[in-house]
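Visitor: Pasting model_13.cif below, which is mmCIF, N, CA and C atoms.
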```cif
data_start
#
loop_
_atom_site.label_atom_id
_atom_site.label_comp_id
_atom_site.auth_asym_id
_atom_site.auth_seq_id
_atom_site.Cartn_x
_atom_site.Cartn_y
_atom_site.Cartn_z
N MET R 49 -20.26 -2.88 4.89
CA MET R 49 -19.80 -1.81 4.05
C MET R 49 -18.29 -1.87 3.85
N ALA R 50 -17.54 -2.34 4.84
CA ALA R 50 -16.09 -2.44 4.75
C ALA R 50 -15.67 -3.42 3.66
N GLN R 51 -16.51 -4.42 3.37
CA GLN R 51 -16.16 -5.39 2.34
C GLN R 51 -16.26 -4.79 0.94
N ASN R 52 -17.04 -3.74 0.77
CA ASN R 52 -17.16 -3.10 -0.53
C ASN R 52 -15.96 -2.22 -0.85
N ALA R 53 -15.20 -1.80 0.15
CA ALA R 53 -14.06 -0.92 -0.06
C ALA R 53 -13.03 -1.53 -1.01
N PRO R 54 -12.61 -2.81 -0.85
CA PRO R 54 -11.66 -3.37 -1.82
C PRO R 54 -12.23 -3.43 -3.24
N ASP R 55 -13.52 -3.73 -3.37
CA ASP R 55 -14.14 -3.76 -4.69
C ASP R 55 -14.16 -2.38 -5.32
N GLU R 56 -14.46 -1.36 -4.54
CA GLU R 56 -14.46 0.01 -5.04
C GLU R 56 -13.06 0.44 -5.44
N THR R 57 -12.08 0.07 -4.63
CA THR R 57 -10.69 0.41 -4.93
C THR R 57 -10.24 -0.27 -6.21
N LEU R 58 -10.56 -1.55 -6.36
CA LEU R 58 -10.20 -2.28 -7.57
C LEU R 58 -10.87 -1.66 -8.79
N SER R 59 -12.12 -1.28 -8.66
CA SER R 59 -12.85 -0.63 -9.75
C SER R 59 -12.19 0.69 -10.12
N LEU R 60 -11.81 1.47 -9.12
CA LEU R 60 -11.15 2.75 -9.35
C LEU R 60 -9.81 2.55 -10.06
N LEU R 61 -9.03 1.57 -9.62
CA LEU R 61 -7.74 1.29 -10.26
C LEU R 61 -7.91 0.84 -11.70
N THR R 62 -8.92 0.02 -11.95
CA THR R 62 -9.18 -0.45 -13.31
C THR R 62 -9.55 0.72 -14.21
N ARG R 63 -10.42 1.61 -13.71
CA ARG R 63 -10.80 2.80 -14.50
C ARG R 63 -9.59 3.69 -14.73
N LEU R 64 -8.76 3.87 -13.71
CA LEU R 64 -7.57 4.71 -13.82
C LEU R 64 -6.61 4.15 -14.86
N SER R 65 -6.42 2.83 -14.85
CA SER R 65 -5.48 2.21 -15.79
C SER R 65 -5.95 2.30 -17.23
N GLN R 66 -7.23 2.58 -17.45
CA GLN R 66 -7.76 2.67 -18.80
C GLN R 66 -7.85 4.10 -19.32
N LYS R 67 -7.40 5.06 -18.53
CA LYS R 67 -7.39 6.46 -18.97
C LYS R 67 -6.34 6.64 -20.07
N PRO R 68 -6.57 7.56 -20.99
CA PRO R 68 -5.59 7.80 -22.06
C PRO R 68 -4.24 8.21 -21.48
N GLY R 69 -3.19 7.59 -22.00
CA GLY R 69 -1.83 7.93 -21.58
C GLY R 69 -1.32 7.14 -20.40
N VAL R 70 -2.20 6.49 -19.63
CA VAL R 70 -1.74 5.72 -18.48
C VAL R 70 -1.16 4.41 -18.99
N GLN R 71 0.10 4.18 -18.66
CA GLN R 71 0.78 2.96 -19.08
C GLN R 71 0.57 1.85 -18.08
N SER R 72 0.65 2.18 -16.80
CA SER R 72 0.49 1.14 -15.79
C SER R 72 0.23 1.75 -14.42
N THR R 73 -0.29 0.90 -13.54
CA THR R 73 -0.47 1.27 -12.14
C THR R 73 0.12 0.16 -11.30
N LEU R 74 0.64 0.53 -10.15
CA LEU R 74 1.15 -0.44 -9.19
C LEU R 74 0.61 -0.08 -7.82
N VAL R 75 0.29 -1.08 -7.05
CA VAL R 75 -0.04 -0.90 -5.64
C VAL R 75 0.99 -1.71 -4.89
N LEU R 76 1.75 -1.02 -4.03
CA LEU R 76 2.81 -1.65 -3.26
C LEU R 76 2.46 -1.65 -1.78
N SER R 77 2.99 -2.61 -1.07
CA SER R 77 2.83 -2.65 0.38
C SER R 77 3.67 -1.54 0.99
N ARG R 78 3.12 -0.83 1.95
CA ARG R 78 3.86 0.25 2.61
C ARG R 78 4.93 -0.33 3.53
N GLU R 79 4.70 -1.56 4.02
CA GLU R 79 5.65 -2.21 4.93
C GLU R 79 7.00 -2.49 4.28
N ASN R 80 6.96 -3.14 3.09
CA ASN R 80 8.22 -3.59 2.51
C ASN R 80 8.35 -3.34 1.01
N GLY R 81 7.38 -2.69 0.40
CA GLY R 81 7.45 -2.40 -1.02
C GLY R 81 7.06 -3.55 -1.93
N ALA R 82 6.53 -4.62 -1.36
CA ALA R 82 6.11 -5.77 -2.17
C ALA R 82 4.93 -5.38 -3.05
N ILE R 83 4.87 -5.97 -4.23
CA ILE R 83 3.79 -5.68 -5.17
C ILE R 83 2.50 -6.35 -4.70
N VAL R 84 1.46 -5.55 -4.53
CA VAL R 84 0.14 -6.06 -4.16
C VAL R 84 -0.69 -6.28 -5.41
N ARG R 85 -0.63 -5.31 -6.34
CA ARG R 85 -1.42 -5.40 -7.57
C ARG R 85 -0.75 -4.54 -8.63
N THR R 86 -0.83 -4.98 -9.87
CA THR R 86 -0.32 -4.19 -10.99
C THR R 86 -1.33 -4.24 -12.13
N SER R 87 -1.23 -3.27 -12.99
CA SER R 87 -2.00 -3.29 -14.23
C SER R 87 -1.23 -2.51 -15.26
N GLY R 88 -1.44 -2.83 -16.50
CA GLY R 88 -0.81 -2.08 -17.56
C GLY R 88 0.27 -2.84 -18.28
N LEU R 89 1.10 -2.09 -18.99
CA LEU R 89 2.08 -2.67 -19.88
C LEU R 89 3.50 -2.61 -19.32
N ILE R 90 3.63 -2.62 -18.02
CA ILE R 90 4.96 -2.48 -17.44
C ILE R 90 5.76 -3.77 -17.46
N SER R 91 5.11 -4.89 -17.52
CA SER R 91 5.80 -6.17 -17.46
C SER R 91 5.59 -6.95 -18.75
N ASN R 92 6.66 -7.52 -19.29
CA ASN R 92 6.56 -8.33 -20.51
C ASN R 92 5.96 -9.69 -20.23
N ASN R 93 6.10 -10.19 -19.02
CA ASN R 93 5.71 -11.56 -18.70
C ASN R 93 4.56 -11.55 -17.73
N THR R 94 3.37 -11.96 -18.17
CA THR R 94 2.20 -11.93 -17.29
C THR R 94 2.29 -12.99 -16.20
N SER R 95 3.14 -14.00 -16.36
CA SER R 95 3.26 -15.01 -15.31
C SER R 95 3.94 -14.43 -14.08
N THR R 96 4.74 -13.35 -14.24
CA THR R 96 5.35 -12.71 -13.08
C THR R 96 4.40 -11.68 -12.49
N ASN R 97 3.22 -11.55 -13.06
CA ASN R 97 2.28 -10.52 -12.66
C ASN R 97 0.90 -11.14 -12.45
N PRO R 98 0.75 -12.01 -11.44
CA PRO R 98 -0.52 -12.72 -11.29
C PRO R 98 -1.68 -11.84 -10.86
N ASN R 99 -1.43 -10.65 -10.35
CA ASN R 99 -2.49 -9.78 -9.87
C ASN R 99 -2.90 -8.73 -10.89
N ASN R 100 -2.56 -8.95 -12.16
CA ASN R 100 -2.88 -7.99 -13.19
C ASN R 100 -4.39 -7.77 -13.23
N THR R 101 -4.83 -6.50 -13.34
CA THR R 101 -6.25 -6.19 -13.30
C THR R 101 -6.82 -5.86 -14.68
N LEU R 102 -5.98 -5.83 -15.71
CA LEU R 102 -6.49 -5.51 -17.03
C LEU R 102 -7.07 -6.74 -17.71
N PRO R 103 -8.05 -6.56 -18.57
CA PRO R 103 -8.56 -7.69 -19.34
C PRO R 103 -7.45 -8.28 -20.21
N SER R 104 -7.56 -9.56 -20.53
CA SER R 104 -6.49 -10.24 -21.26
C SER R 104 -6.27 -9.64 -22.64
N SER R 105 -7.29 -9.09 -23.28
CA SER R 105 -7.10 -8.50 -24.60
C SER R 105 -6.17 -7.30 -24.54
N ILE R 106 -6.24 -6.53 -23.46
CA ILE R 106 -5.35 -5.39 -23.30
C ILE R 106 -3.98 -5.88 -22.87
N ASP R 107 -3.95 -6.88 -21.99
CA ASP R 107 -2.70 -7.38 -21.46
C ASP R 107 -1.83 -7.99 -22.55
N ASN R 108 -2.42 -8.54 -23.60
CA ASN R 108 -1.66 -9.17 -24.67
C ASN R 108 -1.34 -8.20 -25.81
N ALA R 109 -1.64 -6.94 -25.62
CA ALA R 109 -1.37 -5.95 -26.66
C ALA R 109 0.13 -5.81 -26.86
N PRO R 110 0.57 -5.43 -28.07
CA PRO R 110 2.00 -5.24 -28.28
C PRO R 110 2.54 -4.15 -27.38
N ASP R 111 3.75 -4.32 -26.95
CA ASP R 111 4.36 -3.40 -26.02
C ASP R 111 5.09 -2.30 -26.78
N ASN R 112 4.48 -1.13 -26.87
CA ASN R 112 5.07 -0.02 -27.61
C ASN R 112 5.70 1.01 -26.68
N TYR R 113 5.75 0.74 -25.40
CA TYR R 113 6.25 1.70 -24.44
C TYR R 113 7.68 1.36 -24.05
N SER R 114 8.47 2.37 -23.77
CA SER R 114 9.86 2.13 -23.40
C SER R 114 9.96 1.36 -22.09
N ASN R 115 8.96 1.45 -21.23
CA ASN R 115 9.02 0.72 -19.96
C ASN R 115 8.98 -0.78 -20.17
N GLY R 116 8.43 -1.25 -21.25
CA GLY R 116 8.34 -2.68 -21.49
C GLY R 116 9.54 -3.23 -22.23
N ARG R 117 10.41 -2.36 -22.72
CA ARG R 117 11.56 -2.81 -23.49
C ARG R 117 12.78 -2.94 -22.60
N LYS R 118 13.51 -4.00 -22.79
CA LYS R 118 14.69 -4.23 -21.97
C LYS R 118 15.72 -3.14 -22.17
N GLU R 119 15.86 -2.62 -23.40
CA GLU R 119 16.85 -1.57 -23.63
C GLU R 119 16.44 -0.26 -22.96
N GLY R 120 15.18 -0.12 -22.54
CA GLY R 120 14.74 1.08 -21.85
C GLY R 120 15.16 1.09 -20.40
N GLY R 121 15.69 -0.02 -19.89
CA GLY R 121 16.19 -0.07 -18.52
C GLY R 121 15.17 -0.61 -17.53
N ILE R 122 13.89 -0.48 -17.82
CA ILE R 122 12.86 -0.99 -16.93
C ILE R 122 12.09 -2.05 -17.69
N HIS R 123 12.11 -3.27 -17.22
CA HIS R 123 11.42 -4.30 -17.96
C HIS R 123 10.52 -5.17 -17.11
N SER R 124 10.32 -4.82 -15.86
CA SER R 124 9.38 -5.59 -15.05
C SER R 124 8.81 -4.73 -13.94
N ALA R 125 7.66 -5.15 -13.45
CA ALA R 125 7.03 -4.45 -12.34
C ALA R 125 7.91 -4.52 -11.10
N GLU R 126 8.65 -5.61 -10.94
CA GLU R 126 9.53 -5.77 -9.79
C GLU R 126 10.63 -4.70 -9.79
N ASP R 127 11.19 -4.41 -10.97
CA ASP R 127 12.21 -3.37 -11.08
C ASP R 127 11.64 -2.01 -10.67
N VAL R 128 10.48 -1.69 -11.19
CA VAL R 128 9.87 -0.40 -10.89
C VAL R 128 9.53 -0.31 -9.41
N ALA R 129 8.97 -1.37 -8.84
CA ALA R 129 8.61 -1.37 -7.42
C ALA R 129 9.85 -1.12 -6.56
N SER R 130 10.95 -1.76 -6.91
CA SER R 130 12.18 -1.58 -6.15
C SER R 130 12.69 -0.14 -6.24
N MET R 131 12.65 0.43 -7.44
CA MET R 131 13.11 1.81 -7.62
C MET R 131 12.20 2.80 -6.90
N VAL R 132 10.90 2.58 -6.98
CA VAL R 132 9.95 3.46 -6.30
C VAL R 132 10.16 3.38 -4.79
N TRP R 133 10.35 2.17 -4.28
CA TRP R 133 10.57 1.99 -2.84
C TRP R 133 11.80 2.77 -2.39
N SER R 134 12.88 2.69 -3.17
CA SER R 134 14.12 3.42 -2.86
C SER R 134 13.88 4.93 -2.91
N PHE R 135 13.21 5.38 -3.96
CA PHE R 135 12.93 6.80 -4.14
C PHE R 135 12.09 7.35 -2.99
N LEU R 136 11.05 6.61 -2.62
CA LEU R 136 10.18 7.04 -1.53
C LEU R 136 10.92 7.04 -0.19
N SER R 137 11.76 6.05 0.02
CA SER R 137 12.56 6.01 1.26
C SER R 137 13.49 7.21 1.35
N SER R 138 14.14 7.54 0.24
CA SER R 138 15.04 8.70 0.21
C SER R 138 14.28 10.00 0.44
N ALA R 139 13.13 10.13 -0.21
CA ALA R 139 12.32 11.33 -0.03
C ALA R 139 11.85 11.44 1.43
N GLY R 140 11.48 10.30 2.02
CA GLY R 140 11.06 10.30 3.42
C GLY R 140 12.17 10.74 4.36
N LYS R 141 13.40 10.30 4.09
CA LYS R 141 14.55 10.71 4.91
C LYS R 141 14.78 12.21 4.78
N LEU R 142 14.67 12.73 3.57
CA LEU R 142 14.83 14.17 3.35
C LEU R 142 13.80 14.96 4.15
N VAL R 143 12.55 14.55 4.08
CA VAL R 143 11.48 15.24 4.79
C VAL R 143 11.71 15.16 6.30
N ASP R 144 12.14 14.00 6.79
CA ASP R 144 12.43 13.84 8.23
C ASP R 144 13.53 14.79 8.68
N GLU R 145 14.54 14.96 7.85
CA GLU R 145 15.64 15.86 8.22
C GLU R 145 15.19 17.31 8.21
N LEU R 146 14.25 17.64 7.34
CA LEU R 146 13.74 19.01 7.29
C LEU R 146 12.81 19.29 8.46
N ASP R 147 11.93 18.34 8.76
CA ASP R 147 10.95 18.53 9.82
C ASP R 147 10.44 17.16 10.26
N LYS R 148 10.78 16.76 11.47
CA LYS R 148 10.41 15.43 11.99
C LYS R 148 8.91 15.21 12.06
N GLU R 149 8.13 16.29 12.15
CA GLU R 149 6.68 16.15 12.28
C GLU R 149 5.95 16.14 10.93
N ASP R 150 6.70 16.26 9.84
CA ASP R 150 6.09 16.30 8.52
C ASP R 150 6.19 14.93 7.85
N GLU R 151 5.47 14.74 6.74
CA GLU R 151 5.51 13.47 6.02
C GLU R 151 5.27 13.70 4.53
N VAL R 152 5.73 12.74 3.71
CA VAL R 152 5.54 12.80 2.26
C VAL R 152 4.09 12.45 1.95
N LYS R 153 3.43 13.27 1.15
CA LYS R 153 2.04 13.03 0.76
C LYS R 153 1.90 12.68 -0.72
N LEU R 154 2.80 13.21 -1.57
CA LEU R 154 2.72 12.97 -3.00
C LEU R 154 4.09 13.24 -3.61
N LEU R 155 4.50 12.38 -4.53
CA LEU R 155 5.72 12.60 -5.29
C LEU R 155 5.39 12.52 -6.77
N ARG R 156 5.90 13.48 -7.54
CA ARG R 156 5.76 13.44 -8.99
C ARG R 156 7.15 13.49 -9.59
N LEU R 157 7.41 12.55 -10.45
CA LEU R 157 8.70 12.50 -11.14
C LEU R 157 8.41 12.53 -12.63
N ARG R 158 8.89 13.58 -13.28
CA ARG R 158 8.60 13.75 -14.70
C ARG R 158 9.89 13.64 -15.50
N THR R 159 9.86 12.81 -16.54
CA THR R 159 10.98 12.67 -17.45
C THR R 159 10.51 13.09 -18.84
N LYS R 160 11.38 12.97 -19.82
CA LYS R 160 10.98 13.31 -21.19
C LYS R 160 9.85 12.42 -21.68
N LYS R 161 9.87 11.14 -21.27
CA LYS R 161 8.93 10.17 -21.81
C LYS R 161 7.77 9.83 -20.88
N ASN R 162 7.99 9.89 -19.57
CA ASN R 162 6.98 9.42 -18.63
C ASN R 162 6.86 10.35 -17.43
N GLU R 163 5.77 10.16 -16.73
CA GLU R 163 5.59 10.81 -15.44
C GLU R 163 5.12 9.75 -14.46
N LEU R 164 5.76 9.71 -13.30
CA LEU R 164 5.36 8.81 -12.23
C LEU R 164 4.71 9.65 -11.14
N VAL R 165 3.53 9.24 -10.72
CA VAL R 165 2.85 9.88 -9.60
C VAL R 165 2.81 8.83 -8.50
N ILE R 166 3.40 9.16 -7.36
CA ILE R 166 3.52 8.22 -6.24
C ILE R 166 2.77 8.80 -5.05
N VAL R 167 1.79 8.04 -4.57
CA VAL R 167 0.98 8.49 -3.44
C VAL R 167 1.13 7.49 -2.30
N PRO R 168 1.88 7.86 -1.25
CA PRO R 168 2.00 6.97 -0.10
C PRO R 168 0.78 7.09 0.81
N ASP R 169 0.29 5.96 1.24
CA ASP R 169 -0.86 5.85 2.12
C ASP R 169 -0.37 5.09 3.34
N PRO R 170 -1.07 5.09 4.46
CA PRO R 170 -0.59 4.34 5.62
C PRO R 170 -0.37 2.85 5.36
N LYS R 171 -1.15 2.24 4.47
CA LYS R 171 -1.01 0.80 4.21
C LYS R 171 -0.38 0.48 2.86
N PHE R 172 -0.57 1.36 1.87
CA PHE R 172 -0.15 1.07 0.52
C PHE R 172 0.56 2.25 -0.11
N ILE R 173 1.23 1.98 -1.23
CA ILE R 173 1.84 3.02 -2.05
C ILE R 173 1.23 2.85 -3.45
N LEU R 174 0.57 3.86 -3.94
CA LEU R 174 -0.02 3.83 -5.28
C LEU R 174 0.94 4.51 -6.24
N VAL R 175 1.24 3.85 -7.36
CA VAL R 175 2.12 4.39 -8.38
C VAL R 175 1.38 4.37 -9.71
N VAL R 176 1.34 5.50 -10.37
CA VAL R 176 0.73 5.59 -11.70
C VAL R 176 1.82 6.08 -12.65
N ILE R 177 2.03 5.35 -13.73
CA ILE R 177 3.00 5.74 -14.75
C ILE R 177 2.21 6.09 -16.00
N HIS R 178 2.43 7.31 -16.49
CA HIS R 178 1.72 7.71 -17.70
C HIS R 178 2.64 8.48 -18.62
N ASP R 179 2.18 8.64 -19.86
CA ASP R 179 2.94 9.41 -20.85
C ASP R 179 3.07 10.84 -20.37
N THR R 180 4.19 11.45 -20.67
CA THR R 180 4.35 12.86 -20.36
C THR R 180 3.62 13.67 -21.41
N PRO R 181 2.65 14.47 -20.99
CA PRO R 181 1.92 15.27 -21.99
C PRO R 181 2.84 16.32 -22.60
N PRO R 182 2.62 16.68 -23.87
CA PRO R 182 3.45 17.70 -24.50
C PRO R 182 3.31 19.03 -23.77
N ALA R 183 4.40 19.74 -23.63
CA ALA R 183 4.39 21.02 -22.89
C ALA R 183 4.01 22.16 -23.78
#
```
Would you encode the structure as structure tokens?

Guide:
Amino acid sequence: MAQNAPDETLSLLTRLSQKPGVQSTLVLSRENGAIVRTSGLISNNTSTNPNNTLPSSIDNAPDNYSNGRKEGGIHSAEDVASMVWSFLSSAGKLVDELDKEDEVKLLRLRTKKNELVIVPDPKFILVVIHDTPPA
């Protein structure tokens, strides 16, 4: 049964990445922030993203999102992973200073264009980037 867990997780991530408004998902290592898996339109170059979980027809779609444009400031999954790792580390330090026995369970960062949902797990960090719904 333990062998089915990675398949179920991959299936869940694939379904999540295909929801309306979801631009990309990242799974990072909790140890060092290394990219374990990505999906979506966050990276312009699929050769830097060998663990992409989207079908090739979606992966080759034109990049209409600001995250894929160099002028938008974020142009690769590596950039986002690094920023998320920094953000999570800072949030963890804040929580530690407030209460040593507490921990970060969920972070939401909302901008005009996007929302990042970051869920730290004991082994992984799940990041979902989606369009900001109109208010």

Visitor: At what distance in Å, to one decimal, does atom CA of Gly140 of chain R lie from atom C of Arg156 of chain R?

Guide: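 Distance reported for this atom pair: 14.0 Å.
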
Visitor: Rank R:Asn162, R:Lys141, R:Arg63, R:Trp133 by their smallest atom-to-atom distance to Ile83 of chain R, using only C-alpha atoms, and report the top residue only.

Guide: R:Trp133

Visitor: Mind pulling up the distance from atom C of Leu58 of chain R to atom N of Ser87 of chain R?

Guide: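 Between atom N of Ser87 of chain R and atom C of Leu58 of chain R the gap works out to 10.6 Å.
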
Visitor: Run through the PyMOL selection byres (((chain R and resi 169 and name CA) around 10) and name CA) on the given coordinates and return the selected residues as a list in words.

Guide: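 When the PyMOL selection byres (((chain R and resi 169 and name CA) around 10) and name CA) is applied, the selected residues are Leu76, Ser77, Arg78, Val152, Lys153, Leu154, Ile166, Val167, Pro168, Pro170, Lys171, Phe172, Ile173 and Leu174 of chain R.
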
Visitor: Starting from the PyMOL selection byres (((chain R and resi 85 and name CA) around 6) and name CA), expand the selection into actual residues of this file and give them as a PDB file with N, CA and C atoms, in the frame of the given file.

Guide:
```
ATOM      1  N   LEU R  74       0.640   0.530 -10.150  1.00  0.00           N
ATOM      2  CA  LEU R  74       1.150  -0.440  -9.190  1.00  0.00           C
ATOM      3  C   LEU R  74       0.610  -0.080  -7.820  1.00  0.00           C
ATOM      4  N   VAL R  75       0.290  -1.080  -7.050  1.00  0.00           N
ATOM      5  CA  VAL R  75      -0.040  -0.900  -5.640  1.00  0.00           C
ATOM      6  C   VAL R  75       0.990  -1.710  -4.890  1.00  0.00           C
ATOM      7  N   ILE R  83       4.870  -5.970  -4.230  1.00  0.00           N
ATOM      8  CA  ILE R  83       3.790  -5.680  -5.170  1.00  0.00           C
ATOM      9  C   ILE R  83       2.500  -6.350  -4.700  1.00  0.00           C
ATOM     10  N   VAL R  84       1.460  -5.550  -4.530  1.00  0.00           N
ATOM     11  CA  VAL R  84       0.140  -6.060  -4.160  1.00  0.00           C
ATOM     12  C   VAL R  84      -0.690  -6.280  -5.410  1.00  0.00           C
ATOM     13  N   THR R  86      -0.830  -4.980  -9.870  1.00  0.00           N
ATOM     14  CA  THR R  86      -0.320  -4.190 -10.990  1.00  0.00           C
ATOM     15  C   THR R  86      -1.330  -4.240 -12.130  1.00  0.00           C
ATOM     16  N   ASN R  99      -1.430 -10.650 -10.350  1.00  0.00           N
ATOM     17  CA  ASN R  99      -2.490  -9.780  -9.870  1.00  0.00           C
ATOM     18  C   ASN R  99      -2.900  -8.730 -10.890  1.00  0.00           C
TER      19      ASN R  99
END
```
